[in-house]
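Quick notes on the structure that follows.
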Amino acid sequence: MRALSIACSLVLVAACGSSTGGGESGAAGSTGGTETSGHGTSTGSGTSGESTSSASGSSGTDTGTPPGTYPPIHIVFNAHGHNYAFPPGTDPASPEFAMLKAQRYQAHRAEVIWLRDTTESFGAKMSFQLNGEYARDARIAGDAEHVAELPGRGHSVGTHFHRYVFTGMDEYWRPYTQQEATAELQSQTWADHIGEVEAALGAEILRVDGATASQEQLDIADTLLVDYGVGLAAGGEALTYTDWAIPPWNPFRRAFGTRTSEDPAAPVVALGGYSQIGLPMPMGLHAMLTTVPQLERHFLMLLAEWREHERRGDPPKIWHFAFMTHPDQNAAYHDEVVEFLEFLSAYTEAETPRGTPVARFATDEEVLEAFLDWEAEHPGASSFDFDYEAHLAGQTQPFPYALEGVVSGLKDCEVVGAPITTWEDQGVVVFPMARREVLRGPPNEYGQREILSVGDLVADVYLAWSDAGAPVTIDLSDRIGATAYVKDGRTGEVTMVAATAVEIPETPVVLSDTSDGL
């Protein structure tokens, strides 16, 4: 392993350098202890500690976490399975339906195997949230072994589904509309998908991601999570609808009836994350660009936040970076998956100057285990908390992390090359990026602002920090011109300085040659 500054300048040249500026490539316990078994977790009562925002934003003295012991960033790669979605009017009793169903099963299977093998080649792991239709088809075909063997190979298996229910006739899963989504039908949907995945796996599952849209459906889903004793579910996507446009970077116990509020007594742990890798425009209720250069920028924002806590010796938390693909879409994104795994894998080999491993590949269930251990060791501590309902009602909410200036300064930016090594010997880390022009519409009922168009790269932007143990002054004039605009990583305050003498502090800053770039 090597220090982070060297890792960024040497280890990551191939991974970071694979993105170019002109390309479109664009979530055991409380005080009473915890056990994991069956479908999920049981928790003691516990009480909430101070909010994440106040804890994260507190000013900077070392609070005692020994060097080298701060938890690494857990990198999670999810695969959300979908039903086959046959064309309208397809007759389930027809030979054409049976043939098309078999073809789609084989196409899904090929991607499950490709993802399994590709991640294993990088020392990474998949977190499969498979669909009930696929799992049933595997079992009926005598092909369930490839599902059942996944945990033994280091991967995890849960379930994900939309509004499809098994009819019991001709192996047909019927879609239904949001307006038809009664509590009874939603309950049957859960039973069908969970039952089939568990039958193919030969074991109970810990994670259920049932897609919901309305608050009523979310409330029903919360009841079902309790009924099934599920320990883990997707959550926190509403934070991506804010102007910060990030998901929660910490697992947390989501208060039922809310999108992102924390309840230490809640029975389910929520994991946030990024949607389908490789999309230059988001789909559905997702709100972020997820090309590889954009995802690289998101990871570096998390890295900057994580590093700030690690270098200060702050009390530990569990951090994760989760991204996603879908077996029915993944064939179009093989190159993007490989490129991003190459980028991420370099960080799993890196250490900070304090000797802390930066990142590790993990399954969602391993993140849950780490979180439960953390809860047991830090009873009453807050992991993540944001009142999205108050935000939606127009009440200003504090940024839930420490480096708001970094997140706002890098919004819509993407990585455009390898880390700059000019000042490596001085301990200065500089990541070159560029801001992409993105036009958003007004917020809808969920607070999401639809991305209307994605334009060109419009400004050069840099993320920088000092690993020297003190600020370092560098000359950026050959890249920025006469004047540098410097955005404070914490406060977001922008100052103008001579580009020949730019002070790079230990806390990250965002730099540009124009205030419009920040």
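How things are named: the first chain in the structure tokens is A, the next is B, and so on; residues count from 1 in each chain; ligands count from 1 in the order shown.
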Need the shell around Gly210 in chain A: protein/DNA/RNA residues with any atom at most 7 Å away, counting only C-alpha atoms. Skip same-chain ones fewer than 6 positions apart. Format as a VMD selection string? chain A and resid 160 to 162
Selected residues written out, N, CA and C atoms, as a PDB file, in the first residue's frame:
ATOM      1  N   HIS A 160     -35.257  -7.167  -5.833  1.00  0.00           N
ATOM      2  CA  HIS A 160     -35.775  -5.862  -6.264  1.00  0.00           C
ATOM      3  C   HIS A 160     -36.908  -6.120  -7.238  1.00  0.00           C
ATOM      4  N   PHE A 161     -37.932  -5.298  -7.165  1.00  0.00           N
ATOM      5  CA  PHE A 161     -39.064  -5.498  -8.062  1.00  0.00           C
ATOM      6  C   PHE A 161     -39.879  -4.225  -8.184  1.00  0.00           C
ATOM      7  N   HIS A 162     -40.591  -4.164  -9.302  1.00  0.00           N
ATOM      8  CA  HIS A 162     -41.580  -3.109  -9.529  1.00  0.00           C
ATOM      9  C   HIS A 162     -42.967  -3.747  -9.428  1.00  0.00           C
TER      10      HIS A 162
END
key: strand (DSSP E or B) per DSSP on the backbone: members of range 62-143 of chain A, as a PyMOL selection string   = chain A and resi 73-80+126-130
Just write the chosen residues, C-alpha atoms, as a PDB file, in the first residue's frame.
ATOM      1  CA  ILE A  73     -15.070   3.531   2.256  1.00  0.00           C
ATOM      2  CA  HIS A  74     -17.131   0.444   1.380  1.00  0.00           C
ATOM      3  CA  ILE A  75     -17.633   0.198  -2.392  1.00  0.00           C
ATOM      4  CA  VAL A  76     -20.882  -1.599  -3.270  1.00  0.00           C
ATOM      5  CA  PHE A  77     -21.924  -2.623  -6.784  1.00  0.00           C
ATOM      6  CA  ASN A  78     -25.656  -3.370  -6.973  1.00  0.00           C
ATOM      7  CA  ALA A  79     -27.557  -5.186  -9.734  1.00  0.00           C
ATOM      8  CA  HIS A  80     -31.303  -4.521  -9.695  1.00  0.00           C
ATOM      9  CA  MET A 126     -21.710  -7.981  -6.541  1.00  0.00           C
ATOM     10  CA  SER A 127     -24.803  -7.263  -4.507  1.00  0.00           C
ATOM     11  CA  PHE A 128     -27.539  -8.846  -6.604  1.00  0.00           C
ATOM     12  CA  GLN A 129     -31.110  -7.778  -5.936  1.00  0.00           C
ATOM     13  CA  LEU A 130     -32.718 -10.329  -8.227  1.00  0.00           C
TER      14      LEU A 130
END
Helix (DSSP H, G or I) positions in range 145-394 of chain A, given as a PyMOL selection string = chain A and resi 145-148+151-153+178-180+183-201+215-227+237-241+292-312+330-347+364-377+388-392
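You can rank A:Ala331, A:Met169, A:Leu285, A:Ala245 by their closest distance to Ser214 in chain A using only C-alpha atoms, and at the top of that list sits A:Leu285.
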